[in-house]
>>> print(open('my_file.json').read())   # JSON, C-alpha atoms
[["chain", "number", "residue", "atom", "x", "y", "z"],
["T", 36, "MET", "CA", -24.11, -46.73, -0.14],
["T", 37, "ALA", "CA", -27.80, -45.81, -0.33],
["T", 38, "MET", "CA", -28.02, -45.21, 3.41],
["T", 39, "VAL", "CA", -24.78, -43.21, 3.41],
["T", 40, "LEU", "CA", -26.15, -40.85, 0.75],
["T", 41, "LEU", "CA", -29.54, -40.51, 2.44],
["T", 42, "VAL", "CA", -27.91, -39.80, 5.81],
["T", 43, "ALA", "CA", -25.73, -37.17, 4.10],
["T", 44, "PHE", "CA", -28.83, -35.55, 2.63],
["T", 45, "PHE", "CA", -30.74, -35.43, 5.91],
["T", 46, "SER", "CA", -27.62, -34.05, 7.59],
["T", 47, "SER", "CA", -27.81, -31.15, 5.13],
["T", 48, "VAL", "CA", -31.46, -30.65, 6.11],
["T", 49, "LEU", "CA", -30.46, -30.40, 9.77],
["T", 50, "ILE", "CA", -27.81, -27.81, 8.87],
["T", 51, "THR", "CA", -30.60, -25.70, 7.35],
["T", 52, "PHE", "CA", -31.92, -25.17, 10.88],
["T", 53, "LEU", "CA", -28.52, -24.07, 12.21],
["T", 54, "PRO", "CA", -29.59, -20.38, 12.29],
["T", 55, "LEU", "CA", -32.10, -21.26, 15.02],
["T", 56, "ILE", "CA", -29.04, -21.60, 17.25],
["T", 57, "THR", "CA", -26.59, -19.11, 15.74],
["T", 58, "LEU", "CA", -29.10, -16.23, 15.63],
["T", 59, "ARG", "CA", -28.84, -16.08, 19.41],
["T", 60, "TYR", "CA", -25.22, -15.01, 19.09],
["T", 61, "TYR", "CA", -24.73, -13.59, 15.59],
["T", 62, "SER", "CA", -26.51, -11.37, 13.09],
["T", 63, "LYS", "CA", -28.83, -12.73, 10.40],
["T", 64, "ASP", "CA", -26.19, -12.30, 7.66],
["T", 65, "VAL", "CA", -23.48, -14.04, 9.67],
["T", 66, "SER", "CA", -25.84, -16.88, 10.60],
["T", 67, "PHE", "CA", -26.81, -17.33, 6.96],
["T", 68, "LEU", "CA", -23.18, -17.44, 5.85],
["T", 69, "MET", "CA", -22.31, -19.94, 8.60],
["T", 70, "MET", "CA", -25.14, -22.22, 7.48],
["T", 71, "LEU", "CA", -24.21, -21.89, 3.81],
["T", 72, "THR", "CA", -20.51, -22.49, 4.45],
["T", 73, "THR", "CA", -21.26, -25.60, 6.52],
["T", 74, "GLU", "CA", -23.58, -26.98, 3.82],
["T", 75, "PHE", "CA", -21.06, -26.23, 1.07],
["T", 76, "ILE", "CA", -18.17, -27.91, 2.90],
["T", 77, "LEU", "CA", -20.34, -30.95, 3.67],
["T", 78, "SER", "CA", -21.45, -31.18, 0.03],
["T", 79, "LEU", "CA", -17.83, -31.23, -1.18],
["T", 80, "LEU", "CA", -16.86, -33.84, 1.41],
["T", 81, "VAL", "CA", -19.80, -36.03, 0.44],
["T", 82, "TYR", "CA", -19.11, -35.64, -3.27],
["T", 83, "PHE", "CA", -15.41, -36.50, -3.16],
["T", 84, "SER", "CA", -15.81, -39.22, -0.51],
["T", 85, "PHE", "CA", -18.90, -41.04, -1.78],
["T", 86, "LEU", "CA", -21.06, -39.48, -4.49],
["T", 87, "ARG", "CA", -18.67, -39.43, -7.44],
["T", 88, "LYS", "CA", -18.24, -43.21, -7.02],
["T", 89, "THR", "CA", -21.96, -43.87, -7.50],
["T", 90, "MET", "CA", -24.06, -43.96, -10.66],
["T", 91, "ASP", "CA", -23.93, -40.94, -12.95],
["T", 92, "ASN", "CA", -22.94, -38.27, -10.43],
["T", 93, "SER", "CA", -19.75, -36.82, -11.88],
["T", 94, "LEU", "CA", -19.30, -33.05, -12.00],
["T", 95, "MET", "CA", -16.90, -33.37, -14.93],
["T", 96, "PRO", "CA", -18.23, -31.56, -18.03],
["T", 97, "LYS", "CA", -19.39, -33.65, -20.98],
["T", 98, "PHE", "CA", -20.02, -31.82, -24.23],
["T", 99, "SER", "CA", -22.18, -33.02, -27.11],
["T", 100, "LYS", "CA", -24.86, -31.65, -29.42],
["T", 101, "LYS", "CA", -27.44, -33.91, -27.76],
["T", 102, "TYR", "CA", -26.63, -32.63, -24.27],
["T", 103, "ALA", "CA", -26.65, -29.01, -25.45],
["T", 104, "THR", "CA", -30.07, -29.49, -27.05],
["T", 105, "ILE", "CA", -31.51, -31.02, -23.88],
["T", 106, "PHE", "CA", -30.08, -28.17, -21.83],
["T", 107, "ILE", "CA", -31.54, -25.50, -24.13],
["T", 108, "TYR", "CA", -35.02, -27.04, -24.02],
["T", 109, "CYS", "CA", -34.96, -27.35, -20.23],
["T", 110, "PHE", "CA", -33.63, -23.82, -19.81],
["T", 111, "ALA", "CA", -36.29, -22.40, -22.14],
["T", 112, "ILE", "CA", -39.06, -24.04, -20.11],
["T", 113, "LEU", "CA", -37.68, -22.81, -16.77],
["T", 114, "ALA", "CA", -37.04, -19.30, -18.09],
["T", 115, "ALA", "CA", -40.61, -19.09, -19.40],
["T", 116, "LEU", "CA", -41.99, -20.23, -16.04],
["T", 117, "GLN", "CA", -39.87, -17.64, -14.19],
["T", 118, "ILE", "CA", -41.16, -14.87, -16.45],
["T", 119, "ILE", "CA", -44.77, -16.02, -16.00],
["T", 120, "ALA", "CA", -44.27, -16.06, -12.22],
["T", 121, "PHE", "CA", -42.87, -12.52, -12.37],
["T", 122, "ILE", "CA", -45.85, -11.30, -14.43],
["T", 123, "LEU", "CA", -48.24, -12.80, -11.88],
["T", 124, "VAL", "CA", -46.37, -11.00, -9.09],
["T", 125, "LEU", "CA", -46.64, -7.70, -10.96],
["T", 126, "LYS", "CA", -50.37, -8.17, -11.47],
["T", 127, "ARG", "CA", -50.78, -8.64, -7.73],
["T", 128, "GLY", "CA", -48.74, -5.51, -7.10],
["T", 129, "GLU", "CA", -46.10, -7.40, -5.15],
["T", 130, "ALA", "CA", -42.95, -6.63, -7.14],
["T", 131, "ILE", "CA", -39.77, -7.40, -5.23],
["T", 132, "GLN", "CA", -37.86, -4.31, -4.14],
["T", 133, "ALA", "CA", -34.77, -6.07, -2.78],
["T", 134, "HIS", "CA", -31.20, -5.05, -3.60],
["T", 135, "PHE", "CA", -28.74, -7.91, -3.83],
["T", 136, "SER", "CA", -25.03, -7.55, -3.25],
["T", 137, "LEU", "CA", -22.50, -9.03, -5.64],
["T", 138, "ILE", "CA", -21.51, -11.60, -3.02],
["T", 139, "LEU", "CA", -25.09, -12.78, -2.57],
["T", 140, "THR", "CA", -25.52, -12.95, -6.34],
["T", 141, "ILE", "CA", -22.47, -15.22, -6.58],
["T", 142, "ILE", "CA", -23.85, -17.34, -3.74],
["T", 143, "MET", "CA", -27.17, -17.81, -5.51],
["T", 144, "THR", "CA", -25.71, -18.56, -8.93],
["T", 145, "VAL", "CA", -22.62, -20.59, -8.02],
["T", 146, "ILE", "CA", -22.55, -21.97, -4.47],
["T", 147, "VAL", "CA", -26.24, -22.76, -3.93],
["T", 148, "PRO", "CA", -26.73, -24.58, -7.27],
["T", 149, "LEU", "CA", -23.65, -26.70, -6.61],
["T", 150, "HIS", "CA", -24.48, -27.87, -3.11],
["T", 151, "GLU", "CA", -28.22, -28.26, -3.80],
["T", 152, "GLU", "CA", -27.57, -30.47, -6.83],
["T", 153, "ILE", "CA", -25.11, -32.57, -4.86],
["T", 154, "PHE", "CA", -27.63, -33.06, -2.06],
["T", 155, "TYR", "CA", -30.97, -33.25, -3.91],
["T", 156, "ARG", "CA", -30.23, -34.79, -7.31],
["T", 157, "GLY", "CA", -27.07, -36.49, -6.06],
["T", 158, "CYS", "CA", -27.56, -37.79, -2.53],
["T", 159, "LEU", "CA", -31.36, -37.86, -2.23],
["T", 160, "PHE", "CA", -32.40, -39.01, -5.71],
["T", 161, "THR", "CA", -29.46, -41.38, -6.16],
["T", 162, "GLY", "CA", -29.85, -42.67, -2.61],
["T", 163, "LEU", "CA", -33.53, -43.48, -3.22],
["T", 164, "CYS", "CA", -32.72, -45.16, -6.56],
["T", 165, "LEU", "CA", -30.05, -47.30, -4.91],
["T", 166, "PHE", "CA", -32.33, -48.09, -1.97],
["T", 167, "PHE", "CA", -35.01, -49.39, -4.35],
["T", 168, "LYS", "CA", -32.34, -51.02, -6.54],
["T", 169, "GLY", "CA", -33.31, -48.93, -9.57],
["T", 170, "LYS", "CA", -36.86, -50.30, -9.71],
["T", 171, "HIS", "CA", -38.75, -47.14, -8.78],
["T", 172, "ILE", "CA", -37.00, -44.28, -10.57],
["T", 173, "ILE", "CA", -40.22, -42.31, -11.13],
["T", 174, "ALA", "CA", -41.24, -42.67, -7.48],
["T", 175, "SER", "CA", -37.72, -41.64, -6.40],
["T", 176, "ALA", "CA", -37.96, -38.59, -8.67],
["T", 177, "CYS", "CA", -41.37, -37.64, -7.27],
["T", 178, "VAL", "CA", -40.30, -38.01, -3.63],
["T", 179, "SER", "CA", -37.06, -36.06, -4.09],
["T", 180, "SER", "CA", -38.90, -33.31, -6.02],
["T", 181, "LEU", "CA", -41.57, -32.96, -3.33],
["T", 182, "ILE", "CA", -38.91, -32.73, -0.62],
["T", 183, "PHE", "CA", -37.07, -30.14, -2.73],
["T", 184, "CYS", "CA", -40.26, -28.05, -2.87],
["T", 185, "ALA", "CA", -40.95, -28.48, 0.84],
["T", 186, "MET", "CA", -37.46, -27.28, 1.77],
["T", 187, "HIS", "CA", -38.02, -24.01, -0.11],
["T", 188, "PHE", "CA", -40.45, -22.83, 2.54],
["T", 189, "GLN", "CA", -39.57, -19.17, 1.92],
["T", 190, "TYR", "CA", -42.14, -19.21, -0.89],
["T", 191, "SER", "CA", -45.87, -18.96, -0.26],
["T", 192, "ASP", "CA", -47.49, -18.64, -3.69],
["T", 193, "PRO", "CA", -48.81, -21.96, -5.11],
["T", 194, "PHE", "CA", -47.42, -21.16, -8.57],
["T", 195, "ASP", "CA", -43.93, -20.85, -7.09],
["T", 196, "PHE", "CA", -44.19, -24.42, -5.82],
["T", 197, "ILE", "CA", -45.38, -25.57, -9.25],
["T", 198, "VAL", "CA", -42.30, -23.93, -10.76],
["T", 199, "LEU", "CA", -40.07, -25.63, -8.17],
["T", 200, "LEU", "CA", -41.69, -29.01, -8.82],
["T", 201, "ILE", "CA", -41.22, -28.69, -12.59],
["T", 202, "ALA", "CA", -37.67, -27.40, -12.08],
["T", 203, "SER", "CA", -36.73, -30.35, -9.89],
["T", 204, "THR", "CA", -38.24, -32.77, -12.40],
["T", 205, "LEU", "CA", -36.28, -31.20, -15.27],
["T", 206, "LEU", "CA", -33.08, -31.24, -13.21],
["T", 207, "ILE", "CA", -33.55, -34.96, -12.61],
["T", 208, "ILE", "CA", -34.29, -35.56, -16.30],
["T", 209, "ILE", "CA", -31.18, -33.71, -17.44],
["T", 210, "LYS", "CA", -29.13, -35.60, -14.84],
["T", 211, "LEU", "CA", -30.35, -38.92, -16.23],
["T", 212, "LYS", "CA", -30.01, -37.87, -19.88],
["T", 213, "THR", "CA", -26.48, -36.51, -19.47],
["T", 214, "SER", "CA", -25.31, -39.09, -16.92],
["T", 215, "GLY", "CA", -23.88, -36.59, -14.45],
["T", 216, "LEU", "CA", -24.37, -33.54, -12.25],
["T", 217, "PHE", "CA", -22.57, -31.02, -14.46],
["T", 218, "TYR", "CA", -25.60, -30.01, -16.52],
["T", 219, "PRO", "CA", -28.02, -29.96, -13.55],
["T", 220, "VAL", "CA", -25.66, -27.55, -11.76],
["T", 221, "ILE", "CA", -25.41, -25.31, -14.84],
["T", 222, "LEU", "CA", -29.18, -25.42, -15.39],
["T", 223, "HIS", "CA", -29.86, -24.64, -11.72],
["T", 224, "SER", "CA", -27.43, -21.73, -11.88],
["T", 225, "SER", "CA", -29.07, -20.42, -15.06],
["T", 226, "MET", "CA", -32.50, -20.69, -13.44],
["T", 227, "ASN", "CA", -31.32, -18.60, -10.49],
["T", 228, "MET", "CA", -29.78, -16.05, -12.86],
["T", 229, "VAL", "CA", -33.11, -15.64, -14.62],
["T", 230, "PHE", "CA", -34.87, -15.28, -11.27],
["T", 231, "LEU", "CA", -32.50, -12.49, -10.25],
["T", 232, "SER", "CA", -32.75, -10.79, -13.63],
["T", 233, "VAL", "CA", -36.54, -10.61, -13.76],
["T", 234, "ASN", "CA", -37.28, -10.03, -10.07],
["T", 235, "LEU", "CA", -34.75, -7.52, -8.81],
["T", 236, "GLN", "CA", -34.63, -3.84, -9.66],
["T", 237, "ASN", "CA", -30.96, -3.60, -8.77],
["T", 238, "ILE", "CA", -28.78, -6.67, -8.37],
["T", 239, "TYR", "CA", -25.71, -4.73, -7.27],
["T", 240, "ARG", "CA", -25.47, -2.07, -4.65]]
>>> encode(input="my_file.json", output="structure tokens")
Amino acid sequence: MAMVLLVAFFSSVLITFLPLITLRYYSKDVSFLMMLTTEFILSLLVYFSFLRKTMDNSLMPKFSKKYATIFIYCFAILAALQIIAFILVLKRGEAIQAHFSLILTIIMTVIVPLHEEIFYRGCLFTGLCLFFKGKHIIASACVSSLIFCAMHFQYSDPFDFIVLLIASTLLIIIKLKTSGLFYPVILHSSMNMVFLSVNLQNIYR
């Protein structure tokens, strides 16, 4: 099962480079949507075929005071880091002027968190844990977090990568503490919502 999950993850990485081909024939927006749709479909296939049968990877919600407390603490840390990052951007005079459409907002807060959690915290982290037979959880967390940072190559500021590294670590922690992917998906979505809220002048156009 470990190799199946790791192959699924690296397949998602290959899909990320799909625009290198599709941009020859389609616009940037269409190429982006094609890549995203392919990744999303693959993530659902992997989840229902393999991932939900492995350790602690259910997307079913589990509610408890303990889980809610863990979520609030993790969200507070990530929100604070996002605000600090935004302040640093303002001090450098590099405030983002982009205008996001409603569709792109939904993509960033619903679709992307779902498929990234399935692939990174689900396939990659779980695959590494299974490969090492649960003996190197910290190493598996570090490797998956570093790969998560590396795949977000659209960022260039060192602090952004620190935020991503901390975010990935917290997403793994909340996955382990809540025994599932439901809270990581919600936390990832909340993190993206905060990013949109503090960085964009107008979300809707």
>>> closest_atom_pairs(input="my_file.json", of="segment 48-135 of chain T", to="segment 207-230 of chain T", cutoff="12 Å", atoms="all atoms listed in the file", output="JSON lines")
{"residue": "T:Tyr82", "atom": "CA", "partner": "T:Leu216", "partner_atom": "CA", "distance": 10.6}
{"residue": "T:Leu86", "atom": "CA", "partner": "T:Leu216", "partner_atom": "CA", "distance": 10.3}
{"residue": "T:Arg87", "atom": "CA", "partner": "T:Gly215", "partner_atom": "CA", "distance": 9.2}
{"residue": "T:Lys88", "atom": "CA", "partner": "T:Gly215", "partner_atom": "CA", "distance": 11.4}
{"residue": "T:Thr89", "atom": "CA", "partner": "T:Gly215", "partner_atom": "CA", "distance": 10.2}
{"residue": "T:Met90", "atom": "CA", "partner": "T:Ser214", "partner_atom": "CA", "distance": 8.0}
{"residue": "T:Asp91", "atom": "CA", "partner": "T:Ser214", "partner_atom": "CA", "distance": 4.6}
{"residue": "T:Asn92", "atom": "CA", "partner": "T:Gly215", "partner_atom": "CA", "distance": 4.5}
{"residue": "T:Ser93", "atom": "CA", "partner": "T:Gly215", "partner_atom": "CA", "distance": 4.9}
{"residue": "T:Leu94", "atom": "CA", "partner": "T:Phe217", "partner_atom": "CA", "distance": 4.6}
{"residue": "T:Met95", "atom": "CA", "partner": "T:Phe217", "partner_atom": "CA", "distance": 6.2}
{"residue": "T:Pro96", "atom": "CA", "partner": "T:Phe217", "partner_atom": "CA", "distance": 5.6}
{"residue": "T:Lys97", "atom": "CA", "partner": "T:Phe217", "partner_atom": "CA", "distance": 7.7}
{"residue": "T:Phe98", "atom": "CA", "partner": "T:Thr213", "partner_atom": "CA", "distance": 9.3}
{"residue": "T:Ser99", "atom": "CA", "partner": "T:Thr213", "partner_atom": "CA", "distance": 9.4}
{"residue": "T:Lys100", "atom": "CA", "partner": "T:Thr213", "partner_atom": "CA", "distance": 11.2}
{"residue": "T:Lys101", "atom": "CA", "partner": "T:Thr213", "partner_atom": "CA", "distance": 8.7}
{"residue": "T:Tyr102", "atom": "CA", "partner": "T:Thr213", "partner_atom": "CA", "distance": 6.2}
{"residue": "T:Ala103", "atom": "CA", "partner": "T:Tyr218", "partner_atom": "CA", "distance": 9.0}
{"residue": "T:Thr104", "atom": "CA", "partner": "T:Ile209", "partner_atom": "CA", "distance": 10.6}
{"residue": "T:Ile105", "atom": "CA", "partner": "T:Ile209", "partner_atom": "CA", "distance": 7.0}
{"residue": "T:Phe106", "atom": "CA", "partner": "T:Leu222", "partner_atom": "CA", "distance": 7.1}
{"residue": "T:Ile107", "atom": "CA", "partner": "T:Leu222", "partner_atom": "CA", "distance": 9.1}
{"residue": "T:Tyr108", "atom": "CA", "partner": "T:Ile209", "partner_atom": "CA", "distance": 10.1}
{"residue": "T:Cys109", "atom": "CA", "partner": "T:Leu222", "partner_atom": "CA", "distance": 7.8}
{"residue": "T:Phe110", "atom": "CA", "partner": "T:Leu222", "partner_atom": "CA", "distance": 6.5}
{"residue": "T:Ala111", "atom": "CA", "partner": "T:Met226", "partner_atom": "CA", "distance": 9.6}
{"residue": "T:Ile112", "atom": "CA", "partner": "T:Met226", "partner_atom": "CA", "distance": 9.9}
{"residue": "T:Leu113", "atom": "CA", "partner": "T:Met226", "partner_atom": "CA", "distance": 6.5}
{"residue": "T:Ala114", "atom": "CA", "partner": "T:Val229", "partner_atom": "CA", "distance": 6.4}
{"residue": "T:Ala115", "atom": "CA", "partner": "T:Val229", "partner_atom": "CA", "distance": 9.5}
{"residue": "T:Leu116", "atom": "CA", "partner": "T:Met226", "partner_atom": "CA", "distance": 9.9}
{"residue": "T:Gln117", "atom": "CA", "partner": "T:Phe230", "partner_atom": "CA", "distance": 6.3}
{"residue": "T:Ile118", "atom": "CA", "partner": "T:Phe230", "partner_atom": "CA", "distance": 8.2}
{"residue": "T:Ile119", "atom": "CA", "partner": "T:Phe230", "partner_atom": "CA", "distance": 11.0}
{"residue": "T:Ala120", "atom": "CA", "partner": "T:Phe230", "partner_atom": "CA", "distance": 9.5}
{"residue": "T:Phe121", "atom": "CA", "partner": "T:Phe230", "partner_atom": "CA", "distance": 8.5}
{"residue": "T:Ile131", "atom": "CA", "partner": "T:Phe230", "partner_atom": "CA", "distance": 11.1}
>>> atom_distance(input="my_file.json", atom1="atom CA of Phe160 of chain T", atom2="atom CA of Ser232 of chain T")
29.3 Å
>>> closest_residue(input="my_file.json", among="T:Tyr60, T:Ser136, T:Ser84, T:Phe45", to="Leu231 of chain T", atoms="all atoms listed in the file")
T:Ser136
>>> atom_distance(input="my_file.json", atom1="atom CA of Thr57 of chain T", atom2="atom CA of Leu71 of chain T")
12.5 Å
>>> atom_distance(input="my_file.json", atom1="atom CA of Phe52 of chain T", atom2="atom CA of Val65 of chain T")
14.0 Å
>>> closest_residue(input="my_file.json", among="T:Met186, T:Leu139, T:Cys158, T:Leu49", to="Asp64 of chain T", atoms="all atoms listed in the file")
T:Leu139
>>> decode(input="my_file.json", residues="segment 77-131 of chain T", atoms="C-alpha atoms", output="short mmCIF file (atom, residue, chain, number, x, y, z; two decimals), in the first residue's frame")
data_model
loop_
_atom_site.label_atom_id
_atom_site.label_comp_id
_atom_site.auth_asym_id
_atom_site.auth_seq_id
_atom_site.Cartn_x
_atom_site.Cartn_y
_atom_site.Cartn_z
CA LEU T 77 -7.22 11.79 -9.32
CA SER T 78 -7.40 12.76 -5.63
CA LEU T 79 -10.98 11.48 -5.36
CA LEU T 80 -10.10 8.24 -7.16
CA VAL T 81 -7.11 7.67 -4.89
CA TYR T 82 -9.11 8.48 -1.76
CA PHE T 83 -12.05 6.19 -2.46
CA SER T 84 -9.91 3.40 -3.96
CA PHE T 85 -7.02 3.28 -1.49
CA LEU T 86 -6.53 6.09 1.02
CA ARG T 87 -9.65 5.75 3.16
CA LYS T 88 -8.65 2.12 3.85
CA THR T 89 -5.31 3.14 5.38
CA MET T 90 -4.49 4.54 8.81
CA ASP T 91 -6.37 7.63 9.94
CA ASN T 92 -7.27 9.11 6.55
CA SER T 93 -11.05 9.39 6.69
CA LEU T 94 -12.72 12.59 5.52
CA MET T 95 -15.72 11.91 7.74
CA PRO T 96 -16.19 14.68 10.35
CA LYS T 97 -15.48 13.88 13.99
CA PHE T 98 -16.61 16.41 16.56
CA SER T 99 -15.28 16.79 20.10
CA LYS T 100 -14.14 19.56 22.42
CA LYS T 101 -10.57 18.26 22.20
CA TYR T 102 -10.53 18.38 18.41
CA ALA T 103 -12.09 21.85 18.37
CA THR T 104 -9.45 23.13 20.79
CA ILE T 105 -6.61 21.72 18.70
CA PHE T 106 -8.12 23.28 15.58
CA ILE T 107 -8.49 26.71 17.21
CA TYR T 108 -4.87 26.73 18.41
CA CYS T 109 -3.54 25.68 15.00
CA PHE T 110 -5.73 28.21 13.20
CA ALA T 111 -4.63 31.02 15.53
CA ILE T 112 -0.97 30.27 14.82
CA LEU T 113 -1.46 30.15 11.04
CA ALA T 114 -3.63 33.28 11.00
CA ALA T 115 -0.99 35.18 12.98
CA LEU T 116 1.73 34.06 10.57
CA GLN T 117 -0.36 35.14 7.57
CA ILE T 118 -0.89 38.58 9.09
CA ILE T 119 2.82 38.94 9.88
CA ALA T 120 3.67 37.95 6.30
CA PHE T 121 1.22 40.56 5.00
CA ILE T 122 2.75 43.27 7.21
CA LEU T 123 6.22 42.40 5.90
CA VAL T 124 4.92 42.69 2.33
CA LEU T 125 3.44 46.12 3.09
CA LYS T 126 6.72 47.32 4.58
CA ARG T 127 8.49 46.33 1.38
CA GLY T 128 5.87 48.16 -0.66
CA GLU T 129 4.82 45.01 -2.48
CA ALA T 130 1.12 44.81 -1.63
CA ILE T 131 -0.79 42.46 -3.90
#
